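Student: Quick one, run-v5.pdb (PDB, C-alpha atoms):
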```
MODEL        1
ATOM      1  CA  MET A  10     181.380 128.773  65.714
ATOM      2  CA  GLU A  11     179.201 125.992  67.129
ATOM      3  CA  ILE A  12     175.928 125.422  65.264
ATOM      4  CA  GLU A  13     173.616 122.870  66.811
ATOM      5  CA  ARG A  14     170.046 121.756  67.428
ATOM      6  CA  LYS A  15     168.855 120.031  70.554
ATOM      7  CA  PHE A  16     166.056 117.497  71.091
ATOM      8  CA  ILE A  17     164.424 115.463  73.851
ATOM      9  CA  PRO A  18     163.981 111.867  72.673
ATOM     10  CA  PRO A  19     160.889 110.324  74.305
ATOM     11  CA  GLU A  20     162.650 106.949  74.464
ATOM     12  CA  VAL A  21     166.288 105.915  74.660
ATOM     13  CA  PRO A  22     167.231 103.986  71.501
ATOM     14  CA  SER A  23     169.314 100.822  71.630
ATOM     15  CA  LEU A  24     172.874 101.935  72.389
ATOM     16  CA  ALA A  25     174.709  98.691  71.760
ATOM     17  CA  GLY A  26     177.775  99.182  69.576
ATOM     18  CA  PHE A  27     177.979 102.993  69.760
ATOM     19  CA  SER A  28     181.034 104.708  71.186
ATOM     20  CA  SER A  29     180.590 106.605  74.436
ATOM     21  CA  LYS A  30     182.408 108.868  76.882
ATOM     22  CA  LYS A  31     181.924 109.539  80.580
ATOM     23  CA  ILE A  32     181.574 113.312  80.980
ATOM     24  CA  GLU A  33     181.698 115.497  84.077
ATOM     25  CA  GLN A  34     181.326 119.240  83.655
ATOM     26  CA  ALA A  35     180.838 122.323  85.793
ATOM     27  CA  TYR A  36     180.616 126.074  85.303
ATOM     28  CA  ILE A  37     182.865 128.842  86.603
ATOM     29  CA  SER A  38     180.283 131.210  85.109
ATOM     30  CA  THR A  39     177.042 130.662  83.227
ATOM     31  CA  SER A  40     176.859 134.219  81.810
ATOM     32  CA  PRO A  41     179.175 134.378  79.985
ATOM     33  CA  THR A  42     179.704 130.609  79.753
ATOM     34  CA  ILE A  43     182.995 129.375  81.227
ATOM     35  CA  ARG A  44     182.824 125.606  81.428
ATOM     36  CA  ILE A  45     185.288 122.927  82.496
ATOM     37  CA  ARG A  46     184.819 119.353  81.352
ATOM     38  CA  LYS A  47     186.361 115.956  82.007
ATOM     39  CA  SER A  48     185.710 113.574  79.102
ATOM     40  CA  ASP A  49     187.017 110.109  80.019
ATOM     41  CA  ASP A  50     190.661 111.025  80.787
ATOM     42  CA  GLU A  51     190.772 114.302  78.853
ATOM     43  CA  TYR A  52     190.209 117.771  80.280
ATOM     44  CA  TYR A  53     188.941 120.916  78.535
ATOM     45  CA  LEU A  54     188.157 124.531  79.205
ATOM     46  CA  THR A  55     185.377 125.892  76.993
ATOM     47  CA  VAL A  56     184.147 129.441  76.654
ATOM     48  CA  LYS A  57     181.073 130.316  74.621
ATOM     49  CA  GLY A  58     179.655 133.536  73.244
ATOM     50  CA  LYS A  59     175.983 134.321  73.553
ATOM     51  CA  GLY A  60     173.205 132.801  71.383
ATOM     52  CA  HIS A  61     171.175 129.619  70.982
ATOM     53  CA  MET A  62     171.593 127.807  67.691
ATOM     54  CA  ALA A  63     174.918 129.325  66.644
ATOM     55  CA  ARG A  64     177.558 130.782  68.909
ATOM     56  CA  GLU A  65     181.273 131.353  69.050
ATOM     57  CA  GLU A  66     183.156 128.789  71.060
ATOM     58  CA  LEU A  67     186.760 128.133  72.065
ATOM     59  CA  ASN A  68     187.775 124.773  73.432
ATOM     60  CA  ILE A  69     191.189 124.461  75.096
ATOM     61  CA  PRO A  70     192.721 121.164  76.264
ATOM     62  CA  MET A  71     194.174 121.311  79.746
ATOM     63  CA  LYS A  72     195.879 119.134  82.316
ATOM     64  CA  LYS A  73     194.146 117.237  85.103
ATOM     65  CA  GLU A  74     195.814 119.521  87.685
ATOM     66  CA  GLU A  75     194.520 122.635  85.889
ATOM     67  CA  TYR A  76     191.019 121.123  85.809
ATOM     68  CA  GLU A  77     191.101 120.328  89.517
ATOM     69  CA  LYS A  78     192.256 123.834  90.390
ATOM     70  CA  LEU A  79     189.471 125.402  88.297
ATOM     71  CA  LEU A  80     186.892 122.988  89.734
ATOM     72  CA  LYS A  81     187.201 124.930  93.009
ATOM     73  CA  LYS A  82     185.981 128.074  91.229
ATOM     74  CA  THR A  83     182.831 126.498  89.809
ATOM     75  CA  GLU A  84     179.287 127.194  90.962
ATOM     76  CA  GLY A  85     176.286 124.892  91.268
ATOM     77  CA  ARG A  86     176.395 121.189  90.605
ATOM     78  CA  VAL A  87     178.842 119.079  88.641
ATOM     79  CA  ILE A  88     176.831 117.602  85.747
ATOM     80  CA  LYS A  89     177.526 113.913  85.109
ATOM     81  CA  LYS A  90     176.452 112.179  81.938
ATOM     82  CA  THR A  91     177.382 109.477  79.466
ATOM     83  CA  ARG A  92     177.544 110.703  75.887
ATOM     84  CA  TYR A  93     176.882 108.260  73.034
ATOM     85  CA  ILE A  94     177.820 109.138  69.455
ATOM     86  CA  ILE A  95     175.167 107.834  67.052
ATOM     87  CA  PRO A  96     175.737 108.354  63.306
ATOM     88  CA  LEU A  97     172.562 109.602  61.599
ATOM     89  CA  GLU A  98     171.670 107.279  58.750
ATOM     90  CA  GLY A  99     171.550 108.894  55.310
ATOM     91  CA  SER A 100     172.759 112.261  56.677
ATOM     92  CA  ASP A 101     176.158 112.636  55.022
ATOM     93  CA  GLY A 102     178.198 112.557  58.182
ATOM     94  CA  LEU A 103     175.960 114.012  60.901
ATOM     95  CA  ASN A 104     176.029 112.468  64.359
ATOM     96  CA  VAL A 105     173.639 112.587  67.274
ATOM     97  CA  GLU A 106     175.326 113.189  70.601
ATOM     98  CA  LEU A 107     172.973 111.457  72.996
ATOM     99  CA  ASP A 108     173.505 112.505  76.609
ATOM    100  CA  ILE A 109     172.170 110.270  79.375
ATOM    101  CA  PHE A 110     172.362 112.202  82.623
ATOM    102  CA  GLU A 111     173.270 110.752  86.011
ATOM    103  CA  GLY A 112     173.248 111.917  89.617
ATOM    104  CA  ASP A 113     170.778 114.722  90.409
ATOM    105  CA  LEU A 114     169.635 114.855  86.789
ATOM    106  CA  LYS A 115     169.083 111.096  86.383
ATOM    107  CA  GLY A 116     166.159 110.404  84.024
ATOM    108  CA  LEU A 117     166.960 113.261  81.647
ATOM    109  CA  VAL A 118     168.072 112.396  78.108
ATOM    110  CA  LEU A 119     169.108 115.050  75.561
ATOM    111  CA  ALA A 120     170.170 114.707  71.944
ATOM    112  CA  GLU A 121     172.275 117.252  70.062
ATOM    113  CA  VAL A 122     173.133 117.435  66.392
ATOM    114  CA  GLU A 123     176.008 119.676  65.299
ATOM    115  CA  PHE A 124     176.005 121.169  61.787
ATOM    116  CA  PRO A 125     178.678 122.585  59.495
ATOM    117  CA  THR A 126     176.526 125.610  58.508
ATOM    118  CA  LYS A 127     173.425 127.515  59.634
ATOM    119  CA  GLU A 128     171.697 126.494  56.403
ATOM    120  CA  ALA A 129     172.300 122.813  57.175
ATOM    121  CA  ALA A 130     170.881 123.330  60.690
ATOM    122  CA  GLU A 131     167.788 125.117  59.415
ATOM    123  CA  SER A 132     167.018 122.632  56.650
ATOM    124  CA  PHE A 133     167.595 119.564  58.839
ATOM    125  CA  VAL A 134     164.565 117.240  59.045
ATOM    126  CA  PRO A 135     165.019 115.297  62.284
ATOM    127  CA  PRO A 136     164.131 111.608  62.425
ATOM    128  CA  ALA A 137     161.064 110.944  64.580
ATOM    129  CA  TRP A 138     163.021 109.246  67.378
ATOM    130  CA  LEU A 139     164.770 112.532  68.278
ATOM    131  CA  GLY A 140     161.447 113.882  69.590
ATOM    132  CA  ARG A 141     160.734 117.471  70.561
ATOM    133  CA  ASP A 142     163.050 120.294  69.360
ATOM    134  CA  VAL A 143     164.249 122.296  72.392
ATOM    135  CA  THR A 144     167.018 124.265  70.632
ATOM    136  CA  GLY A 145     165.710 127.620  71.856
ATOM    137  CA  ASP A 146     164.720 126.459  75.342
ATOM    138  CA  LYS A 147     167.167 127.808  77.900
ATOM    139  CA  ARG A 148     166.085 125.270  80.531
ATOM    140  CA  TYR A 149     167.980 122.630  78.593
ATOM    141  CA  HIS A 150     171.225 124.523  78.396
ATOM    142  CA  ASN A 151     173.649 122.521  80.501
ATOM    143  CA  SER A 152     174.724 125.842  82.032
ATOM    144  CA  ASN A 153     171.230 126.283  83.468
ATOM    145  CA  MET A 154     170.982 122.650  84.477
ATOM    146  CA  SER A 155     174.136 123.160  86.553
ATOM    147  CA  LYS A 156     172.248 125.592  88.793
ATOM    148  CA  LEU A 157     171.056 124.249  92.124
ATOM    149  CA  ASP A 158     167.303 124.691  92.607
TER     150      ASP A 158
ATOM    151  CA  MET B   2     194.075 133.395  66.249
ATOM    152  CA  GLU B   3     196.131 136.196  67.796
ATOM    153  CA  ILE B   4     199.554 136.714  66.208
ATOM    154  CA  GLU B   5     201.726 139.309  67.906
ATOM    155  CA  ARG B   6     205.225 140.427  68.790
ATOM    156  CA  LYS B   7     206.141 142.233  71.976
ATOM    157  CA  PHE B   8     208.886 144.783  72.706
ATOM    158  CA  ILE B   9     210.279 146.887  75.543
ATOM    159  CA  PRO B  10     210.829 150.470  74.330
ATOM    160  CA  PRO B  11     213.752 152.054  76.185
ATOM    161  CA  GLU B  12     211.992 155.430  76.102
ATOM    162  CA  VAL B  13     208.346 156.429  75.947
ATOM    163  CA  PRO B  14     207.679 158.284  72.687
ATOM    164  CA  SER B  15     205.586 161.434  72.556
ATOM    165  CA  LEU B  16     201.970 160.335  73.052
ATOM    166  CA  ALA B  17     200.218 163.576  72.202
ATOM    167  CA  GLY B  18     197.338 163.028  69.768
ATOM    168  CA  PHE B  19     197.133 159.228  70.006
ATOM    169  CA  SER B  20     193.969 157.534  71.211
ATOM    170  CA  SER B  21     194.125 155.744  74.523
ATOM    171  CA  LYS B  22     192.107 153.532  76.845
ATOM    172  CA  LYS B  23     192.268 152.933  80.579
ATOM    173  CA  ILE B  24     192.583 149.188  81.096
ATOM    174  CA  GLU B  25     192.188 147.072  84.210
ATOM    175  CA  GLN B  26     192.594 143.329  83.935
ATOM    176  CA  ALA B  27     192.883 140.290  86.138
ATOM    177  CA  TYR B  28     193.154 136.533  85.744
ATOM    178  CA  ILE B  29     190.795 133.792  86.888
ATOM    179  CA  SER B  30     193.479 131.400  85.689
ATOM    180  CA  THR B  31     196.879 131.886  84.090
ATOM    181  CA  SER B  32     197.180 128.309  82.770
ATOM    182  CA  PRO B  33     195.038 128.120  80.744
ATOM    183  CA  THR B  34     194.544 131.880  80.399
ATOM    184  CA  ILE B  35     191.133 133.136  81.551
ATOM    185  CA  ARG B  36     191.293 136.925  81.690
ATOM    186  CA  ILE B  37     188.742 139.612  82.478
ATOM    187  CA  ARG B  38     189.304 143.165  81.304
ATOM    188  CA  LYS B  39     187.713 146.564  81.766
ATOM    189  CA  SER B  40     188.621 148.892  78.874
ATOM    190  CA  ASP B  41     187.223 152.346  79.579
ATOM    191  CA  ASP B  42     183.539 151.444  80.061
ATOM    192  CA  GLU B  43     183.592 148.145  78.194
ATOM    193  CA  TYR B  44     184.040 144.711  79.742
ATOM    194  CA  TYR B  45     185.447 141.543  78.183
ATOM    195  CA  LEU B  46     186.175 137.936  78.981
ATOM    196  CA  THR B  47     189.133 136.543  77.055
ATOM    197  CA  VAL B  48     190.385 132.993  76.884
ATOM    198  CA  LYS B  49     193.622 132.065  75.150
ATOM    199  CA  GLY B  50     195.125 128.816  73.984
ATOM    200  CA  LYS B  51     198.783 128.010  74.615
ATOM    201  CA  GLY B  52     201.718 129.481  72.672
ATOM    202  CA  HIS B  53     203.781 132.658  72.378
ATOM    203  CA  MET B  54     203.662 134.412  69.035
ATOM    204  CA  ALA B  55     200.446 132.838  67.733
ATOM    205  CA  ARG B  56     197.634 131.462  69.806
ATOM    206  CA  GLU B  57     193.906 130.905  69.636
ATOM    207  CA  GLU B  58     191.872 133.512  71.411
ATOM    208  CA  LEU B  59     188.191 134.186  72.068
ATOM    209  CA  ASN B  60     187.065 137.581  73.289
ATOM    210  CA  ILE B  61     183.512 137.927  74.629
ATOM    211  CA  PRO B  62     181.896 141.233  75.600
ATOM    212  CA  MET B  63     180.123 141.173  78.939
ATOM    213  CA  LYS B  64     178.207 143.395  81.307
ATOM    214  CA  LYS B  65     179.692 145.344  84.186
ATOM    215  CA  GLU B  66     177.810 143.115  86.662
ATOM    216  CA  GLU B  67     179.253 139.979  85.054
ATOM    217  CA  TYR B  68     182.751 141.493  85.250
ATOM    218  CA  GLU B  69     182.344 142.358  88.900
ATOM    219  CA  LYS B  70     181.109 138.875  89.736
ATOM    220  CA  LEU B  71     184.064 137.263  87.945
ATOM    221  CA  LEU B  72     186.513 139.708  89.543
ATOM    222  CA  LYS B  73     185.926 137.825  92.830
ATOM    223  CA  LYS B  74     187.271 134.657  91.225
ATOM    224  CA  THR B  75     190.549 136.192  90.052
ATOM    225  CA  GLU B  76     193.985 135.528  91.531
ATOM    226  CA  GLY B  77     196.946 137.832  92.040
ATOM    227  CA  ARG B  78     196.903 141.530  91.290
ATOM    228  CA  VAL B  79     194.623 143.596  89.092
ATOM    229  CA  ILE B  80     196.880 145.006  86.345
ATOM    230  CA  LYS B  81     196.250 148.674  85.573
ATOM    231  CA  LYS B  82     197.599 150.354  82.462
ATOM    232  CA  THR B  83     196.887 152.971  79.872
ATOM    233  CA  ARG B  84     197.033 151.677  76.317
ATOM    234  CA  TYR B  85     197.946 154.044  73.492
ATOM    235  CA  ILE B  86     197.309 153.083  69.869
ATOM    236  CA  ILE B  87     200.155 154.324  67.671
ATOM    237  CA  PRO B  88     199.905 153.727  63.902
ATOM    238  CA  LEU B  89     203.215 152.446  62.503
ATOM    239  CA  GLU B  90     204.336 154.696  59.689
ATOM    240  CA  GLY B  91     204.748 152.990  56.307
ATOM    241  CA  SER B  92     203.447 149.670  57.671
ATOM    242  CA  ASP B  93     200.220 149.232  55.704
ATOM    243  CA  GLY B  94     197.887 149.386  58.688
ATOM    244  CA  LEU B  95     199.893 148.008  61.603
ATOM    245  CA  ASN B  96     199.528 149.629  65.011
ATOM    246  CA  VAL B  97     201.658 149.592  68.119
ATOM    247  CA  GLU B  98     199.689 149.049  71.305
ATOM    248  CA  LEU B  99     201.830 150.853  73.853
ATOM    249  CA  ASP B 100     200.992 149.888  77.439
ATOM    250  CA  ILE B 101     202.070 152.170  80.245
ATOM    251  CA  PHE B 102     201.610 150.339  83.509
ATOM    252  CA  GLU B 103     200.405 151.867  86.752
ATOM    253  CA  GLY B 104     200.130 150.786  90.372
ATOM    254  CA  ASP B 105     202.515 147.989  91.450
ATOM    255  CA  LEU B 106     203.963 147.781  87.947
ATOM    256  CA  LYS B 107     204.558 151.522  87.497
ATOM    257  CA  GLY B 108     207.652 152.175  85.380
ATOM    258  CA  LEU B 109     207.065 149.259  83.021
ATOM    259  CA  VAL B 110     206.265 150.040  79.386
ATOM    260  CA  LEU B 111     205.470 147.341  76.824
ATOM    261  CA  ALA B 112     204.705 147.589  73.128
ATOM    262  CA  GLU B 113     202.776 144.999  71.131
ATOM    263  CA  VAL B 114     202.240 144.724  67.408
ATOM    264  CA  GLU B 115     199.484 142.442  66.122
ATOM    265  CA  PHE B 116     199.786 140.869  62.665
ATOM    266  CA  PRO B 117     197.329 139.388  60.182
ATOM    267  CA  THR B 118     199.547 136.350  59.443
ATOM    268  CA  LYS B 119     202.551 134.488  60.883
ATOM    269  CA  GLU B 120     204.534 135.441  57.784
ATOM    270  CA  ALA B 121     203.878 139.143  58.435
ATOM    271  CA  ALA B 122     204.976 138.696  62.063
ATOM    272  CA  GLU B 123     208.179 136.892  61.096
ATOM    273  CA  SER B 124     209.186 139.320  58.353
ATOM    274  CA  PHE B 125     208.414 142.445  60.417
ATOM    275  CA  VAL B 126     211.403 144.765  60.828
ATOM    276  CA  PRO B 127     210.678 146.789  63.973
ATOM    277  CA  PRO B 128     211.552 150.501  64.118
ATOM    278  CA  ALA B 129     214.413 151.178  66.505
ATOM    279  CA  TRP B 130     212.235 152.954  69.091
ATOM    280  CA  LEU B 131     210.396 149.681  69.892
ATOM    281  CA  GLY B 132     213.566 148.374  71.531
ATOM    282  CA  ARG B 133     214.209 144.813  72.660
ATOM    283  CA  ASP B 134     212.017 141.970  71.311
ATOM    284  CA  VAL B 135     210.572 140.025  74.257
ATOM    285  CA  THR B 136     207.974 138.003  72.313
ATOM    286  CA  GLY B 137     209.130 134.671  73.700
ATOM    287  CA  ASP B 138     209.824 135.923  77.215
ATOM    288  CA  LYS B 139     207.167 134.624  79.601
ATOM    289  CA  ARG B 140     208.032 137.230  82.249
ATOM    290  CA  TYR B 141     206.321 139.832  80.099
ATOM    291  CA  HIS B 142     203.099 137.922  79.667
ATOM    292  CA  ASN B 143     200.507 139.971  81.499
ATOM    293  CA  SER B 144     199.303 136.678  83.002
ATOM    294  CA  ASN B 145     202.661 136.281  84.735
ATOM    295  CA  MET B 146     202.812 139.947  85.684
ATOM    296  CA  SER B 147     199.494 139.464  87.498
ATOM    297  CA  LYS B 148     201.186 137.075  89.929
ATOM    298  CA  LEU B 149     202.079 138.496  93.310
ATOM    299  CA  ASP B 150     205.746 138.049  94.157
TER     300      ASP B 150
ENDMDL
END
```
For this file, write the structure as structure tokens.

Tutor:
Amino acid sequence: MEIERKFIPPEVPSLAGFSSKKIEQAYISTSPTIRIRKSDDEYYLTVKGKGHMAREELNIPMKKEEYEKLLKKTEGRVIKKTRYIIPLEGSDGLNVELDIFEGDLKGLVLAEVEFPTKEAAESFVPPAWLGRDVTGDKRYHNSNMSKLD
Amino acid sequence: MEIERKFIPPEVPSLAGFSSKKIEQAYISTSPTIRIRKSDDEYYLTVKGKGHMAREELNIPMKKEEYEKLLKKTEGRVIKKTRYIIPLEGSDGLNVELDIFEGDLKGLVLAEVEFPTKEAAESFVPPAWLGRDVTGDKRYHNSNMSKLD
């Protein structure tokens, strides 16, 4: 089960010193969600159930060759972004995953926080820099952002 | 997590009175496993991790239209079978899923038993009618049987 909230930070914070990954991802299907992702030199297949804040998810590591074969079955654009992991001060282990998009989606910045429980997600008081909560807004699902206009 | 053992019964037992479903399934990918299945009038996407007896699995219901769209991305043959559910006497709730294949694979019969734990799977003493244990035999993975010769 993945339980998360999503935000649009109005400004990009200083990223010096935080770890990051180069991510490329594309969708074989957006309903249901069948996603392939390259994260630096690692490759994953991810399938998600339906829902916004909490949904079932299975993440399977795969080989580069498997990724490249499945890439041919994807639809829409390949999303490219750099993901920074920013520990949330005073949060007992929560991180912000800050995604800075490239290519077609350059200019967009999204922040996600993943929680261990629904209660933790619902009671979370976001720091001001995270900006507007777009957890329920389908436009900011990466699956929808993969669609060509 | 799906934990199961698979057998080849030498003879088909009497099936009168057992519930059954008509199943059609095909594979978008066999490594990793991305399967779509029609079971009577229900449709599912299933993704499985690697492994034989025990592997991670996520099963997502979907709509007929979603199934038909994904069917175009499958490879190999569509496997057709009738699945009978046969309660195992004296087993405390275990069932045999007996698959009788049709079409290209007509003549093949496979039996699967799903277990709640690895320990239950390992200590299971199969009744004689289940026949040869082929749990570790990749040829009898449906994903491999979907491949055209």

Student: Once you count all atoms listed in the file, what closest atom pair and distance in Å to one decimal does each residue of chain B within 10 Å of chain A have, with rows by chain and rising residue number, as JSON lines?

Tutor:
```
{"residue": "B:Ile29", "atom": "CA", "partner": "A:Leu79", "partner_atom": "CA", "distance": 8.6}
{"residue": "B:Ser30", "atom": "CA", "partner": "A:Leu79", "partner_atom": "CA", "distance": 7.7}
{"residue": "B:Thr31", "atom": "CA", "partner": "A:Glu75", "partner_atom": "CA", "distance": 9.7}
{"residue": "B:Ser32", "atom": "CA", "partner": "A:Glu75", "partner_atom": "CA", "distance": 7.0}
{"residue": "B:Pro33", "atom": "CA", "partner": "A:Met71", "partner_atom": "CA", "distance": 6.9}
{"residue": "B:Thr34", "atom": "CA", "partner": "A:Ile69", "partner_atom": "CA", "distance": 9.7}
{"residue": "B:Ile35", "atom": "CA", "partner": "A:Ile43", "partner_atom": "CA", "distance": 9.0}
{"residue": "B:Tyr45", "atom": "CA", "partner": "A:Pro41", "partner_atom": "CA", "distance": 9.7}
{"residue": "B:Leu46", "atom": "CA", "partner": "A:Pro41", "partner_atom": "CA", "distance": 7.9}
{"residue": "B:Thr47", "atom": "CA", "partner": "A:Val56", "partner_atom": "CA", "distance": 8.7}
{"residue": "B:Val48", "atom": "CA", "partner": "A:Val56", "partner_atom": "CA", "distance": 7.2}
{"residue": "B:Lys49", "atom": "CA", "partner": "A:Ile69", "partner_atom": "CA", "distance": 8.0}
{"residue": "B:Gly50", "atom": "CA", "partner": "A:Ile69", "partner_atom": "CA", "distance": 6.0}
{"residue": "B:Lys51", "atom": "CA", "partner": "A:Ile69", "partner_atom": "CA", "distance": 8.4}
{"residue": "B:Glu57", "atom": "CA", "partner": "A:Leu67", "partner_atom": "CA", "distance": 8.0}
{"residue": "B:Glu58", "atom": "CA", "partner": "A:Leu67", "partner_atom": "CA", "distance": 7.4}
{"residue": "B:Leu59", "atom": "CA", "partner": "A:Leu67", "partner_atom": "CA", "distance": 6.2}
{"residue": "B:Asn60", "atom": "CA", "partner": "A:Gly58", "partner_atom": "CA", "distance": 8.4}
{"residue": "B:Ile61", "atom": "CA", "partner": "A:Gly58", "partner_atom": "CA", "distance": 6.0}
{"residue": "B:Pro62", "atom": "CA", "partner": "A:Gly58", "partner_atom": "CA", "distance": 8.4}
{"residue": "B:Met63", "atom": "CA", "partner": "A:Pro41", "partner_atom": "CA", "distance": 6.9}
{"residue": "B:Lys64", "atom": "CA", "partner": "A:Pro41", "partner_atom": "CA", "distance": 9.2}
{"residue": "B:Glu67", "atom": "CA", "partner": "A:Ser40", "partner_atom": "CA", "distance": 7.0}
{"residue": "B:Tyr68", "atom": "CA", "partner": "A:Pro41", "partner_atom": "CA", "distance": 9.5}
{"residue": "B:Lys70", "atom": "CA", "partner": "A:Ser38", "partner_atom": "CA", "distance": 9.0}
{"residue": "B:Leu71", "atom": "CA", "partner": "A:Ser38", "partner_atom": "CA", "distance": 7.7}
{"residue": "B:Lys73", "atom": "CA", "partner": "A:Lys82", "partner_atom": "CA", "distance": 9.9}
{"residue": "B:Lys74", "atom": "CA", "partner": "A:Lys82", "partner_atom": "CA", "distance": 6.7}
{"residue": "B:Thr75", "atom": "CA", "partner": "A:Lys82", "partner_atom": "CA", "distance": 9.4}
```

Student: Can those selected residues be exported to a file as a tab-separated table (two decimals), keeping the file's coordinate frame so that it contains C-alpha atoms?

Tutor:
```
chain	number	residue	atom	x	y	z
B	29	ILE	CA	190.80	133.79	86.89
B	30	SER	CA	193.48	131.40	85.69
B	31	THR	CA	196.88	131.89	84.09
B	32	SER	CA	197.18	128.31	82.77
B	33	PRO	CA	195.04	128.12	80.74
B	34	THR	CA	194.54	131.88	80.40
B	35	ILE	CA	191.13	133.14	81.55
B	45	TYR	CA	185.45	141.54	78.18
B	46	LEU	CA	186.18	137.94	78.98
B	47	THR	CA	189.13	136.54	77.06
B	48	VAL	CA	190.38	132.99	76.88
B	49	LYS	CA	193.62	132.06	75.15
B	50	GLY	CA	195.12	128.82	73.98
B	51	LYS	CA	198.78	128.01	74.61
B	57	GLU	CA	193.91	130.90	69.64
B	58	GLU	CA	191.87	133.51	71.41
B	59	LEU	CA	188.19	134.19	72.07
B	60	ASN	CA	187.06	137.58	73.29
B	61	ILE	CA	183.51	137.93	74.63
B	62	PRO	CA	181.90	141.23	75.60
B	63	MET	CA	180.12	141.17	78.94
B	64	LYS	CA	178.21	143.40	81.31
B	67	GLU	CA	179.25	139.98	85.05
B	68	TYR	CA	182.75	141.49	85.25
B	70	LYS	CA	181.11	138.88	89.74
B	71	LEU	CA	184.06	137.26	87.94
B	73	LYS	CA	185.93	137.82	92.83
B	74	LYS	CA	187.27	134.66	91.22
B	75	THR	CA	190.55	136.19	90.05
```

Student: Given the file shown, determine the residues that the PyMOL selection byres ((chain B and resi 116-122) around 6) selects; report them as a list in words.

Tutor: Ile4, Glu5, Glu115, Glu123, Ser124 and Phe125 of chain B

Student: Given all atoms listed in the file as the basis, pick out the residue of B:Val114, B:Val126, B:Leu72, B:Lys82 nearest to Arg36 in chain B.

Tutor: B:Leu72

Student: If you measure from CA of Phe19 in chain B to CA of Ser40 in chain B, what distance in Å do you get, rounded to one decimal?

Tutor: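 For CA of Phe19 in chain B relative to CA of Ser40 in chain B, the distance reads 16.1 Å.
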
Student: Interatomic distance between CA of Asn151 in chain A and CA of Ala35 in chain A?

Tutor: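 A separation of 8.9 Å between them.
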
Student: Let me know the residues the PyMOL selection byres ((chain A and resi 109) around 6) catches in the file above, as a list in words.

Tutor: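 When the PyMOL selection byres ((chain A and resi 109) around 6) is applied to the shown file, the picked residues are Lys90, Thr91, Asp108, Phe110 and Val118 of chain A.
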
Student: Tell me which residues the PyMOL selection byres ((chain A and resi 85) around 6) grabs here, as a list in words.

Tutor: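 Written out, the selection comes to Glu84, Arg86, Ser155, Lys156 and Leu157 of chain A.
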
Student: Which residue, B:Gly18, B:Pro11, B:Gly108, B:Pro128, has the smallest gap to Leu89 in chain B when you use only C-alpha atoms?

Tutor: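 Smallest separation from Leu89 in chain B among the options: B:Pro128.
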
Student: List as a list of chain:residue names the protein and nucleic acid residues near Ile94 in chain A, meaning an atom at most 8 Å away when only C-alpha atoms are counted, but skip any in the same chain fewer than 6 places from it.

Tutor: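 Using only C-alpha atoms, the neighbours found are A:Phe27, A:Ser28, A:Ser29, A:Asn104, A:Val105, A:Glu106, A:Leu107.
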
Student: Distance CA of Glu121 in chain A-CA of Lys15 in chain A, one decimal place?

Tutor: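 Interatomic distance, CA of Glu121 in chain A to CA of Lys15 in chain A: 4.4 Å.
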
Student: Atoms are missing here; could range 86-94 of chain B be completed with N, CA, C and O atoms and written as a PDB file, keeping the file's coordinate frame?

Tutor:
```pdb
ATOM      1  N   ILE B  86     197.258 153.706  71.196  1.00  0.00           N
ATOM      2  CA  ILE B  86     197.309 153.083  69.869  1.00  0.00           C
ATOM      3  C   ILE B  86     198.096 154.007  68.946  1.00  0.00           C
ATOM      4  O   ILE B  86     197.695 155.144  68.689  1.00  0.00           O
ATOM      5  N   ILE B  87     199.236 153.518  68.472  1.00  0.00           N
ATOM      6  CA  ILE B  87     200.155 154.324  67.671  1.00  0.00           C
ATOM      7  C   ILE B  87     200.315 153.686  66.291  1.00  0.00           C
ATOM      8  O   ILE B  87     200.931 152.630  66.160  1.00  0.00           O
ATOM      9  N   PRO B  88     199.743 154.282  65.251  1.00  0.00           N
ATOM     10  CA  PRO B  88     199.905 153.727  63.902  1.00  0.00           C
ATOM     11  C   PRO B  88     201.382 153.691  63.528  1.00  0.00           C
ATOM     12  O   PRO B  88     202.131 154.633  63.815  1.00  0.00           O
ATOM     13  N   LEU B  89     201.814 152.583  62.906  1.00  0.00           N
ATOM     14  CA  LEU B  89     203.215 152.446  62.503  1.00  0.00           C
ATOM     15  C   LEU B  89     203.390 153.011  61.106  1.00  0.00           C
ATOM     16  O   LEU B  89     202.827 152.481  60.143  1.00  0.00           O
ATOM     17  N   GLU B  90     204.152 154.037  60.988  1.00  0.00           N
ATOM     18  CA  GLU B  90     204.336 154.696  59.689  1.00  0.00           C
ATOM     19  C   GLU B  90     204.868 153.737  58.626  1.00  0.00           C
ATOM     20  O   GLU B  90     205.775 152.957  58.891  1.00  0.00           O
ATOM     21  N   GLY B  91     204.275 153.795  57.434  1.00  0.00           N
ATOM     22  CA  GLY B  91     204.748 152.990  56.307  1.00  0.00           C
ATOM     23  C   GLY B  91     204.538 151.501  56.475  1.00  0.00           C
ATOM     24  O   GLY B  91     205.183 150.698  55.813  1.00  0.00           O
ATOM     25  N   SER B  92     203.598 151.098  57.352  1.00  0.00           N
ATOM     26  CA  SER B  92     203.447 149.670  57.671  1.00  0.00           C
ATOM     27  C   SER B  92     202.201 149.046  57.078  1.00  0.00           C
ATOM     28  O   SER B  92     201.886 147.900  57.365  1.00  0.00           O
ATOM     29  N   ASP B  93     201.433 149.786  56.301  1.00  0.00           N
ATOM     30  CA  ASP B  93     200.220 149.232  55.704  1.00  0.00           C
ATOM     31  C   ASP B  93     199.219 148.789  56.769  1.00  0.00           C
ATOM     32  O   ASP B  93     198.704 147.663  56.739  1.00  0.00           O
ATOM     33  N   GLY B  94     198.992 149.645  57.748  1.00  0.00           N
ATOM     34  CA  GLY B  94     197.887 149.386  58.688  1.00  0.00           C
ATOM     35  C   GLY B  94     198.255 148.778  60.020  1.00  0.00           C
ATOM     36  O   GLY B  94     197.379 148.499  60.834  1.00  0.00           O
TER      37      GLY B  94
END
```
